[in-house]
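Chemist: Before anything else, here's the structure in question.
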Amino acid sequence: MRTIAFVTQKGGAGKSTLASGVAAAARAAGERVFIIDLDPLQTLVTWAKTRHDPDLGVEYVPPAKLEKAIAALAKKGVTLVVLDAPGQGGEAAAAAIRAADLCIIPARPNAFDLWASDKTRAQMKAQGRDYAFLLNQCPPSQQSARVELGVKALEAIGGLLTPLVSARVDYQEAARLGLAVTEYNPEGVAAQEMKELWSSIKRRLKRAGAKPEKGATADKSAPAQKRAATPAPADPKSAPKKPARKAA
Ligand SMILES: Nc1ncnc2c1ncn2[C@@H]1O[C@H](COP(=O)(O)OP(=O)(O)O)[C@@H](O)[C@H]1O
Ligand SMILES: [Mg+2]
């Protein structure tokens with residue numbers, strides 16, 4: 001069983017949207033998925049109440065009980081636990097970072113989110129955890145100078161997952177209806193983004209699992225220049241789109 005966590009101190013960066021999107025895409029790809037909502041606001045617990053889906057469990061767990069809850073899910077045959085952390089730091093975010101095989105830091109391509117990402121990354125690095133960034137709510141054309149700057153800034157301080165996730169109405173409409181984008185509009189571009197994102201995370205988890213020492217950060221596992229030479233992902237659908245950049 002693997003555990004991934006969406007964590008950043010910045011509210012509104014897309015943690016809950018991406019956690020639910022990736023969870024549904026992973027389940028459609030054959031994983032047995034459970035979402036743990038660590039946010040006292042219980043965004044995804046509310047989302048789950050709207051959807052009534054027994055195949056995708058969602059539960060609020062306070063941080064002190066997280067470790068036990070994850071162990072219980074492993075015993076039940078769950079293969080992927082997705083943690084949705086609250087916006088502010090604190091014990092819940094710290095517990096998520098401790099528990100996750102991979103911490104994903106979503107950021108919108110703006111200065112405030114990028115600064116917050118760096119703070120979150122420092123916390124993960126200090127704890128020796130594996131982490132990767134994810135750019136969310138990019139302009140759909142994905143070619144603006146602002147996105148380019150975001151890509152460069154995040155690549156400079158750690159790995160960046162593919163693809164860039166665009167700002168799309170599908171994400172908001174799906175949430176309103178208690179759905180994930182892959183369920184709301186399976187043939188849509190947002191659905192494709194979430195499928196590609198899950199493939200990208202899965203590859204990343206496999207690579208991390210192959211490392212002798214769990215928890216090595218992207219920075220520690222390979223020098224930046226060496227990582228830049230990492231071959232493109234085997235799945236052509238998952239290959240980075242414009243602007244060209246390396247996978248985390
Ligand atoms: N890629 C996206 N496209 C459009 N809207 C998005 C996208 N990602 C997030 N949002 C919207 O942004 C808002 C904040 O997202 P949310 O997932 O709640 O962030 P967080 O959990 O980090 O606070 C929500 O209204 C959500 O619908
Ligand atoms: Mg949230």
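Residue numbering restarts at 1 in every chain; chains get A, B, ... in the order shown in the structure tokens, and ligands count up from 1 in that same order.
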Got a sec: who's within 9 Å of A:Leu179, counting only C-alpha atoms, leaving out chain neighbours fewer than 2 positions off, as a PyMOL selection string?
Modeler: chain A and resi 20-21+24+47-48+50-51+173-177+181-184
Chemist: Let me see the file: selected residues, N, CA, C and O atoms, as a PDB file, in the first residue's frame.
Modeler:
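In the end it all went to again.pdb:
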```
ATOM      1  N   SER A  20      -9.085  14.588  -4.724  1.00  0.00           N
ATOM      2  CA  SER A  20     -10.269  13.837  -5.168  1.00  0.00           C
ATOM      3  C   SER A  20     -10.113  13.411  -6.628  1.00  0.00           C
ATOM      4  O   SER A  20     -10.490  12.292  -6.997  1.00  0.00           O
ATOM      5  N   GLY A  21      -9.526  14.272  -7.451  1.00  0.00           N
ATOM      6  CA  GLY A  21      -9.338  13.940  -8.868  1.00  0.00           C
ATOM      7  C   GLY A  21      -8.404  12.769  -9.059  1.00  0.00           C
ATOM      8  O   GLY A  21      -8.684  11.835  -9.824  1.00  0.00           O
ATOM      9  N   ALA A  24      -9.986   9.390  -7.705  1.00  0.00           N
ATOM     10  CA  ALA A  24     -10.947   8.772  -8.628  1.00  0.00           C
ATOM     11  C   ALA A  24     -10.236   8.179  -9.849  1.00  0.00           C
ATOM     12  O   ALA A  24     -10.597   7.093 -10.313  1.00  0.00           O
ATOM     13  N   TRP A  47     -17.974  16.325   0.193  1.00  0.00           N
ATOM     14  CA  TRP A  47     -18.010  15.870  -1.221  1.00  0.00           C
ATOM     15  C   TRP A  47     -18.494  14.418  -1.280  1.00  0.00           C
ATOM     16  O   TRP A  47     -19.346  14.069  -2.100  1.00  0.00           O
ATOM     17  N   ALA A  48     -17.984  13.599  -0.377  1.00  0.00           N
ATOM     18  CA  ALA A  48     -18.357  12.170  -0.370  1.00  0.00           C
ATOM     19  C   ALA A  48     -19.839  11.985  -0.045  1.00  0.00           C
ATOM     20  O   ALA A  48     -20.492  11.090  -0.585  1.00  0.00           O
ATOM     21  N   THR A  50     -22.169  13.866  -0.903  1.00  0.00           N
ATOM     22  CA  THR A  50     -22.933  14.193  -2.103  1.00  0.00           C
ATOM     23  C   THR A  50     -22.906  13.045  -3.105  1.00  0.00           C
ATOM     24  O   THR A  50     -23.832  12.870  -3.878  1.00  0.00           O
ATOM     25  N   ARG A  51     -21.816  12.248  -3.091  1.00  0.00           N
ATOM     26  CA  ARG A  51     -21.656  11.262  -4.156  1.00  0.00           C
ATOM     27  C   ARG A  51     -22.165   9.861  -3.784  1.00  0.00           C
ATOM     28  O   ARG A  51     -22.453   9.060  -4.661  1.00  0.00           O
ATOM     29  N   GLU A 173     -17.378  22.238 -11.613  1.00  0.00           N
ATOM     30  CA  GLU A 173     -18.687  21.615 -11.835  1.00  0.00           C
ATOM     31  C   GLU A 173     -18.715  20.206 -11.243  1.00  0.00           C
ATOM     32  O   GLU A 173     -19.693  19.800 -10.612  1.00  0.00           O
ATOM     33  N   ALA A 174     -17.653  19.461 -11.447  1.00  0.00           N
ATOM     34  CA  ALA A 174     -17.579  18.095 -10.911  1.00  0.00           C
ATOM     35  C   ALA A 174     -17.715  18.134  -9.390  1.00  0.00           C
ATOM     36  O   ALA A 174     -18.517  17.391  -8.804  1.00  0.00           O
ATOM     37  N   ALA A 175     -16.986  19.041  -8.750  1.00  0.00           N
ATOM     38  CA  ALA A 175     -17.017  19.140  -7.285  1.00  0.00           C
ATOM     39  C   ALA A 175     -18.435  19.451  -6.805  1.00  0.00           C
ATOM     40  O   ALA A 175     -18.932  18.845  -5.851  1.00  0.00           O
ATOM     41  N   ARG A 176     -19.079  20.363  -7.485  1.00  0.00           N
ATOM     42  CA  ARG A 176     -20.430  20.779  -7.088  1.00  0.00           C
ATOM     43  C   ARG A 176     -21.396  19.599  -7.105  1.00  0.00           C
ATOM     44  O   ARG A 176     -22.298  19.498  -6.282  1.00  0.00           O
ATOM     45  N   LEU A 177     -21.162  18.664  -8.025  1.00  0.00           N
ATOM     46  CA  LEU A 177     -22.072  17.525  -8.176  1.00  0.00           C
ATOM     47  C   LEU A 177     -21.591  16.292  -7.402  1.00  0.00           C
ATOM     48  O   LEU A 177     -22.146  15.203  -7.548  1.00  0.00           O
ATOM     49  N   VAL A 181     -13.580  14.792 -12.025  1.00  0.00           N
ATOM     50  CA  VAL A 181     -13.674  15.180 -13.443  1.00  0.00           C
ATOM     51  C   VAL A 181     -13.736  13.968 -14.367  1.00  0.00           C
ATOM     52  O   VAL A 181     -14.368  14.014 -15.421  1.00  0.00           O
ATOM     53  N   THR A 182     -13.112  12.862 -13.969  1.00  0.00           N
ATOM     54  CA  THR A 182     -13.139  11.648 -14.805  1.00  0.00           C
ATOM     55  C   THR A 182     -14.541  11.042 -14.835  1.00  0.00           C
ATOM     56  O   THR A 182     -14.862  10.262 -15.730  1.00  0.00           O
ATOM     57  N   GLU A 183     -15.354  11.394 -13.858  1.00  0.00           N
ATOM     58  CA  GLU A 183     -16.737  10.904 -13.834  1.00  0.00           C
ATOM     59  C   GLU A 183     -17.685  11.920 -14.479  1.00  0.00           C
ATOM     60  O   GLU A 183     -18.652  11.561 -15.133  1.00  0.00           O
ATOM     61  N   TYR A 184     -17.401  13.185 -14.276  1.00  0.00           N
ATOM     62  CA  TYR A 184     -18.266  14.259 -14.766  1.00  0.00           C
ATOM     63  C   TYR A 184     -18.200  14.374 -16.294  1.00  0.00           C
ATOM     64  O   TYR A 184     -19.213  14.497 -16.971  1.00  0.00           O
TER      65      TYR A 184
END
```
Chemist: All residues within 6 Å of ligand 2 are required, counting only C-alpha atoms and all ligand atoms; please report them as JSON, numbers by chain.
Modeler: {"A": [15, 16, 43, 86]}
Chemist: How close does each residue of chain A get to ligand 1, giving the shortest atom pair and distance in Å to one decimal for every residue with an atom at most 8 Å away, counting only C-alpha atoms and all ligand atoms, sorted by chain and residue number, as a tab-separated table?
Modeler:
```
residue	atom	partner	partner_atom_place_in_ligand_line	distance
A:Val7	CA	ligand 1	22 (O)	7.9
A:Thr8	CA	ligand 1	22 (O)	7.2
A:Lys10	CA	ligand 1	22 (O)	6.5
A:Gly11	CA	ligand 1	23 (O)	4.0
A:Gly12	CA	ligand 1	23 (O)	3.4
A:Ala13	CA	ligand 1	22 (O)	4.0
A:Gly14	CA	ligand 1	17 (O)	3.4
A:Lys15	CA	ligand 1	22 (O)	3.7
A:Ser16	CA	ligand 1	17 (O)	3.8
A:Thr17	CA	ligand 1	17 (O)	3.7
A:Leu18	CA	ligand 1	17 (O)	6.4
A:Ala19	CA	ligand 1	17 (O)	7.9
A:Thr43	CA	ligand 1	18 (O)	7.4
A:Asp84	CA	ligand 1	21 (O)	7.4
A:Ala85	CA	ligand 1	21 (O)	7.6
A:Pro86	CA	ligand 1	21 (O)	6.9
A:Gly87	CA	ligand 1	23 (O)	5.8
A:Pro106	CA	ligand 1	22 (O)	7.5
A:Asn136	CA	ligand 1	1 (N)	5.4
A:Gln137	CA	ligand 1	1 (N)	4.2
A:Cys138	CA	ligand 1	1 (N)	7.2
A:Val165	CA	ligand 1	1 (N)	5.7
A:Ser166	CA	ligand 1	1 (N)	5.0
A:Ala167	CA	ligand 1	3 (N)	3.3
A:Arg168	CA	ligand 1	3 (N)	4.1
A:Val169	CA	ligand 1	4 (C)	5.4
A:Asp170	CA	ligand 1	4 (C)	7.1
A:Tyr171	CA	ligand 1	4 (C)	5.1
A:Gln172	CA	ligand 1	27 (O)	4.1
A:Glu173	CA	ligand 1	27 (O)	7.8
A:Ala175	CA	ligand 1	27 (O)	6.6
A:Ala190	CA	ligand 1	1 (N)	7.9
```
Chemist: Can those selected residues be exported to a file as a short mmCIF file (atom, residue, chain, number, x, y, z; two decimals), in the first residue's frame so that it contains N, CA, C and O atoms?
Modeler:
```
data_model
loop_
_atom_site.label_atom_id
_atom_site.label_comp_id
_atom_site.auth_asym_id
_atom_site.auth_seq_id
_atom_site.Cartn_x
_atom_site.Cartn_y
_atom_site.Cartn_z
N VAL A 7 -0.27 18.54 0.20
CA VAL A 7 0.05 19.43 1.32
C VAL A 7 0.63 20.75 0.81
O VAL A 7 1.54 20.76 -0.01
N THR A 8 0.07 21.84 1.27
CA THR A 8 0.72 23.14 1.18
C THR A 8 0.02 24.07 2.17
O THR A 8 -1.17 23.89 2.44
N LYS A 10 -0.71 26.95 1.70
CA LYS A 10 -1.53 27.94 0.99
C LYS A 10 -2.93 27.38 0.76
O LYS A 10 -3.10 26.35 0.09
N GLY A 11 -3.92 28.05 1.31
CA GLY A 11 -5.30 27.66 1.05
C GLY A 11 -5.66 27.97 -0.39
O GLY A 11 -5.13 28.92 -0.97
N GLY A 12 -6.52 27.17 -0.99
CA GLY A 12 -7.02 27.44 -2.33
C GLY A 12 -6.09 27.00 -3.45
O GLY A 12 -6.39 27.21 -4.62
N ALA A 13 -4.96 26.38 -3.11
CA ALA A 13 -4.02 25.97 -4.16
C ALA A 13 -4.56 24.78 -4.95
O ALA A 13 -4.11 24.51 -6.07
N GLY A 14 -5.51 24.05 -4.37
CA GLY A 14 -6.12 22.93 -5.11
C GLY A 14 -5.92 21.56 -4.46
O GLY A 14 -6.12 20.54 -5.11
N LYS A 15 -5.55 21.54 -3.20
CA LYS A 15 -5.29 20.24 -2.53
C LYS A 15 -6.50 19.32 -2.63
O LYS A 15 -6.38 18.17 -3.05
N SER A 16 -7.67 19.80 -2.23
CA SER A 16 -8.85 18.93 -2.19
C SER A 16 -9.30 18.55 -3.60
O SER A 16 -9.68 17.40 -3.85
N THR A 17 -9.22 19.51 -4.52
CA THR A 17 -9.61 19.23 -5.91
C THR A 17 -8.71 18.15 -6.51
O THR A 17 -9.19 17.20 -7.13
N LEU A 18 -7.43 18.29 -6.30
CA LEU A 18 -6.48 17.35 -6.89
C LEU A 18 -6.50 16.00 -6.17
O LEU A 18 -6.41 14.95 -6.80
N ALA A 19 -6.67 16.04 -4.84
CA ALA A 19 -6.74 14.78 -4.08
C ALA A 19 -7.92 13.95 -4.56
O ALA A 19 -7.79 12.74 -4.81
N THR A 43 -13.77 19.16 3.73
CA THR A 43 -14.23 19.41 2.35
C THR A 43 -14.57 18.10 1.64
O THR A 43 -15.63 17.97 1.02
N ASP A 84 -5.65 14.44 2.30
CA ASP A 84 -5.94 15.83 1.96
C ASP A 84 -5.70 16.68 3.22
O ASP A 84 -6.44 16.59 4.19
N ALA A 85 -4.64 17.48 3.18
CA ALA A 85 -4.24 18.25 4.37
C ALA A 85 -4.93 19.61 4.40
O ALA A 85 -5.36 20.12 3.37
N PRO A 86 -5.04 20.20 5.58
CA PRO A 86 -5.63 21.54 5.67
C PRO A 86 -4.67 22.61 5.17
O PRO A 86 -3.47 22.37 5.02
N GLY A 87 -5.22 23.81 4.95
CA GLY A 87 -4.42 24.90 4.40
C GLY A 87 -3.32 25.39 5.34
O GLY A 87 -2.18 25.53 4.93
N PRO A 106 0.82 21.32 -4.27
CA PRO A 106 0.22 22.06 -5.39
C PRO A 106 0.43 23.56 -5.24
O PRO A 106 0.40 24.08 -4.13
N ASN A 136 -0.99 24.01 -10.58
CA ASN A 136 -2.44 23.89 -10.77
C ASN A 136 -3.01 25.24 -11.21
O ASN A 136 -2.43 26.28 -10.96
N GLN A 137 -4.18 25.15 -11.84
CA GLN A 137 -4.90 26.35 -12.30
C GLN A 137 -4.05 27.20 -13.24
O GLN A 137 -4.06 28.43 -13.15
N CYS A 138 -3.33 26.51 -14.13
CA CYS A 138 -2.58 27.24 -15.15
C CYS A 138 -3.56 27.71 -16.22
O CYS A 138 -4.57 27.05 -16.46
N VAL A 165 -1.57 21.26 -14.55
CA VAL A 165 -3.03 21.15 -14.46
C VAL A 165 -3.62 22.53 -14.75
O VAL A 165 -3.22 23.53 -14.16
N SER A 166 -4.56 22.56 -15.69
CA SER A 166 -5.12 23.83 -16.13
C SER A 166 -6.31 24.26 -15.28
O SER A 166 -6.92 23.43 -14.61
N ALA A 167 -6.62 25.53 -15.34
CA ALA A 167 -7.86 26.05 -14.73
C ALA A 167 -9.00 25.70 -15.68
O ALA A 167 -9.00 26.15 -16.83
N ARG A 168 -9.90 24.85 -15.23
CA ARG A 168 -11.01 24.41 -16.10
C ARG A 168 -12.29 24.34 -15.28
O ARG A 168 -12.29 23.87 -14.13
N VAL A 169 -13.37 24.74 -15.92
CA VAL A 169 -14.67 24.73 -15.26
C VAL A 169 -15.05 23.31 -14.83
O VAL A 169 -15.72 23.12 -13.81
N ASP A 170 -14.61 22.32 -15.57
CA ASP A 170 -14.93 20.92 -15.22
C ASP A 170 -14.60 20.60 -13.76
O ASP A 170 -15.35 19.88 -13.10
N TYR A 171 -13.49 21.13 -13.26
CA TYR A 171 -13.09 20.82 -11.87
C TYR A 171 -14.13 21.35 -10.89
O TYR A 171 -14.47 20.70 -9.90
N GLN A 172 -14.64 22.53 -11.18
CA GLN A 172 -15.59 23.15 -10.27
C GLN A 172 -16.98 22.53 -10.39
O GLN A 172 -17.66 22.29 -9.40
N GLU A 173 -17.38 22.24 -11.61
CA GLU A 173 -18.69 21.62 -11.83
C GLU A 173 -18.71 20.21 -11.24
O GLU A 173 -19.69 19.80 -10.61
N ALA A 175 -16.99 19.04 -8.75
CA ALA A 175 -17.02 19.14 -7.29
C ALA A 175 -18.43 19.45 -6.81
O ALA A 175 -18.93 18.85 -5.85
N ALA A 190 -9.84 17.87 -18.76
CA ALA A 190 -9.52 17.81 -17.33
C ALA A 190 -9.42 16.34 -16.88
O ALA A 190 -8.52 15.98 -16.10
#
```
Chemist: Could you list, as a PyMOL selection string, every residue within 10 Å of A:Ala111, counting only C-alpha atoms and ignoring same-chain residues fewer than 2 positions away?
Modeler: chain A and resi 107-109+113-117+146+149-150+153
Chemist: Tell me, in Å to one decimal, how far atom CA of A:Ala28 is from atom CA of A:Ile105.
Modeler: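 That distance, rounded to one decimal, is 23.2 Å.
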Chemist: From a DSSP pass on the backbone, collect the residues of stretch 5-118 of chain A flagged as strand (DSSP E or B) and hand them back as a list in words.
Modeler: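 Taking stretch 5-118 of chain A and keeping strand (DSSP E or B) only, one gets Ala5, Phe6, Val33, Phe34, Ile35, Ile36, Asp37, Gly57, Val58, Glu59, Tyr60, Leu80, Val81, Val82, Leu83, Asp84, Leu102, Cys103, Ile104, Ile105, Pro106 and Ala107 of chain A.
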Chemist: Can you tell me which residues surround A:Ile157 at a distance of at most 9 Å, considering only C-alpha atoms, apart from same-chain residues fewer than 3 positions away, and format the answer as a list in words?
Modeler: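 Contacts, with the query itself left out: Asp118, Arg121, Lys152, Ala153, Leu154 and Asp219 of chain A.
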Chemist: Would you output that residue set with N, CA and C atoms, as a tab-separated table (two decimals), in the first residue's frame?
Modeler:
```tsv
chain	number	residue	atom	x	y	z
A	118	ASP	N	7.66	27.00	-1.19
A	118	ASP	CA	9.04	26.86	-0.72
A	118	ASP	C	9.07	26.60	0.78
A	121	ARG	N	7.99	23.00	1.29
A	121	ARG	CA	9.09	22.13	0.86
A	121	ARG	C	10.18	22.05	1.93
A	152	LYS	N	9.88	27.19	-13.87
A	152	LYS	CA	11.32	27.36	-13.59
A	152	LYS	C	11.57	27.43	-12.09
A	153	ALA	N	10.72	28.19	-11.38
A	153	ALA	CA	10.93	28.36	-9.94
A	153	ALA	C	10.81	27.02	-9.22
A	154	LEU	N	9.83	26.22	-9.59
A	154	LEU	CA	9.62	24.96	-8.88
A	154	LEU	C	10.66	23.92	-9.28
A	219	ASP	N	15.98	16.32	-4.16
A	219	ASP	CA	17.30	16.96	-4.15
A	219	ASP	C	18.39	15.97	-3.77
```
Chemist: Based on DSSP run over this structure's backbone, return all residues of stretch 42-219 of chain A in helix (DSSP H, G or I), as a VMD selection string.
Modeler: chain A and resid 43 to 51 63 to 75 90 to 99 111 to 126 145 to 157 169 to 176 181 to 184 189 to 210 218 to 219
Chemist: Tell me which protein, DNA and RNA residues are within 10 Å of A:Pro40, counting only C-alpha atoms, leaving out same-chain ones fewer than 4 positions away, and put them as number ranges by chain.
Modeler: A: 45, 60-62, 85-86, 92
Chemist: Include all heavy atoms and write out the residues we just selected as a compact mmCIF listing (two decimals), in the first residue's frame.
Modeler:
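Below you can see selection_38.txt, which holds the result:
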```txt
# COMPACT_ATOMS: atom_id res chain seq x y z
N VAL A 45 -15.07 15.11 2.93
CA VAL A 45 -16.13 14.36 3.61
C VAL A 45 -17.48 14.85 3.08
O VAL A 45 -18.38 14.06 2.76
CB VAL A 45 -16.04 14.52 5.15
CG1 VAL A 45 -17.27 13.96 5.83
CG2 VAL A 45 -14.79 13.83 5.67
N TYR A 60 -12.93 11.61 7.82
CA TYR A 60 -12.10 12.59 8.56
C TYR A 60 -11.35 11.85 9.66
O TYR A 60 -11.95 11.05 10.40
CB TYR A 60 -12.96 13.68 9.19
CG TYR A 60 -12.15 14.57 10.11
CD1 TYR A 60 -11.24 15.48 9.58
CD2 TYR A 60 -12.24 14.44 11.49
CE1 TYR A 60 -10.45 16.26 10.41
CE2 TYR A 60 -11.45 15.23 12.33
CZ TYR A 60 -10.56 16.14 11.78
OH TYR A 60 -9.78 16.90 12.60
N VAL A 61 -10.06 12.08 9.74
CA VAL A 61 -9.25 11.47 10.80
C VAL A 61 -8.41 12.57 11.45
O VAL A 61 -7.70 13.30 10.74
CB VAL A 61 -8.31 10.37 10.22
CG1 VAL A 61 -7.37 9.83 11.27
CG2 VAL A 61 -9.12 9.22 9.60
N PRO A 62 -8.49 12.72 12.77
CA PRO A 62 -7.62 13.72 13.41
C PRO A 62 -6.16 13.24 13.36
O PRO A 62 -5.92 12.03 13.31
CB PRO A 62 -8.14 13.77 14.86
CG PRO A 62 -8.94 12.53 15.04
CD PRO A 62 -9.36 12.01 13.70
N ALA A 85 -4.64 17.48 3.18
CA ALA A 85 -4.24 18.25 4.37
C ALA A 85 -4.93 19.61 4.40
O ALA A 85 -5.36 20.12 3.37
CB ALA A 85 -2.72 18.43 4.37
N PRO A 86 -5.04 20.20 5.58
CA PRO A 86 -5.63 21.54 5.67
C PRO A 86 -4.67 22.61 5.17
O PRO A 86 -3.47 22.37 5.02
CB PRO A 86 -5.89 21.71 7.16
CG PRO A 86 -4.96 20.77 7.83
CD PRO A 86 -4.65 19.66 6.87
N ALA A 92 -1.86 18.59 11.68
CA ALA A 92 -2.45 17.76 10.61
C ALA A 92 -1.50 17.69 9.41
O ALA A 92 -1.26 16.60 8.86
CB ALA A 92 -3.80 18.31 10.19
```
Chemist: Between atom CA of A:Val58 and atom CA of A:Val81, measure the distance and give it in Å to one decimal.
Modeler: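 Calculated distance between atom CA of A:Val58 and atom CA of A:Val81 is 9.9 Å.
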Chemist: Quick one: pull the distance between atom CA of A:Gly178 and atom CA of A:Pro54, Å, one decimal.
Modeler: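 Separating atom CA of A:Gly178 from atom CA of A:Pro54 is a distance of 13.2 Å.
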Chemist: Using only C-alpha atoms, find the one residue out of A:Val151, A:Ala100, A:Gln9, A:Ser144 that sits nearest to A:Gly128.
Modeler: A:Ala100
Chemist: Would you mind listing what lies within 12 Å of A:Ala72 as a ChimeraX atom specification, with only C-alpha atoms counted and same-chain residues fewer than 5 positions away left out?
Modeler: /A:1,34,65-67,77-79,81
Chemist: Restricting it to N, CA, C and O atoms, dump the selection as a compact mmCIF listing (two decimals), in the first residue's frame.
Modeler:
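The new file out38.txt reads:
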```
# COMPACT_ATOMS: atom_id res chain seq x y z
N MET A 1 0.83 -1.20 0.00
CA MET A 1 0.00 0.00 0.00
C MET A 1 0.87 1.26 0.00
O MET A 1 1.92 1.28 0.63
N PHE A 34 -8.59 4.89 -0.68
CA PHE A 34 -9.30 5.49 0.45
C PHE A 34 -8.74 6.90 0.65
O PHE A 34 -7.52 7.10 0.64
N LYS A 65 -4.61 10.25 15.19
CA LYS A 65 -5.06 8.89 14.87
C LYS A 65 -4.66 8.45 13.46
O LYS A 65 -5.06 7.38 13.01
N LEU A 66 -3.89 9.28 12.78
CA LEU A 66 -3.61 9.00 11.37
C LEU A 66 -2.84 7.69 11.17
O LEU A 66 -3.21 6.86 10.33
N GLU A 67 -1.79 7.51 11.93
CA GLU A 67 -0.94 6.33 11.75
C GLU A 67 -1.77 5.04 11.90
O GLU A 67 -1.68 4.12 11.08
N GLY A 77 -6.77 -4.22 2.76
CA GLY A 77 -6.48 -4.42 1.34
C GLY A 77 -6.53 -3.16 0.50
O GLY A 77 -6.51 -3.23 -0.73
N VAL A 78 -6.59 -2.00 1.15
CA VAL A 78 -6.51 -0.74 0.39
C VAL A 78 -5.11 -0.65 -0.21
O VAL A 78 -4.12 -0.99 0.44
N THR A 79 -5.02 -0.20 -1.47
CA THR A 79 -3.69 -0.12 -2.10
C THR A 79 -3.17 1.31 -2.20
O THR A 79 -1.99 1.52 -2.41
N VAL A 81 -3.72 5.20 -0.26
CA VAL A 81 -4.36 6.16 0.64
C VAL A 81 -3.99 7.56 0.17
O VAL A 81 -2.82 7.86 -0.09
```
Chemist: Determine the nearest neighbour of A:Leu80 from the options A:Pro140, A:Pro63, A:Pro163, A:Gly57, counting only C-alpha atoms.
Modeler: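 Using only C-alpha atoms, the shortest distance to A:Leu80 belongs to A:Gly57.
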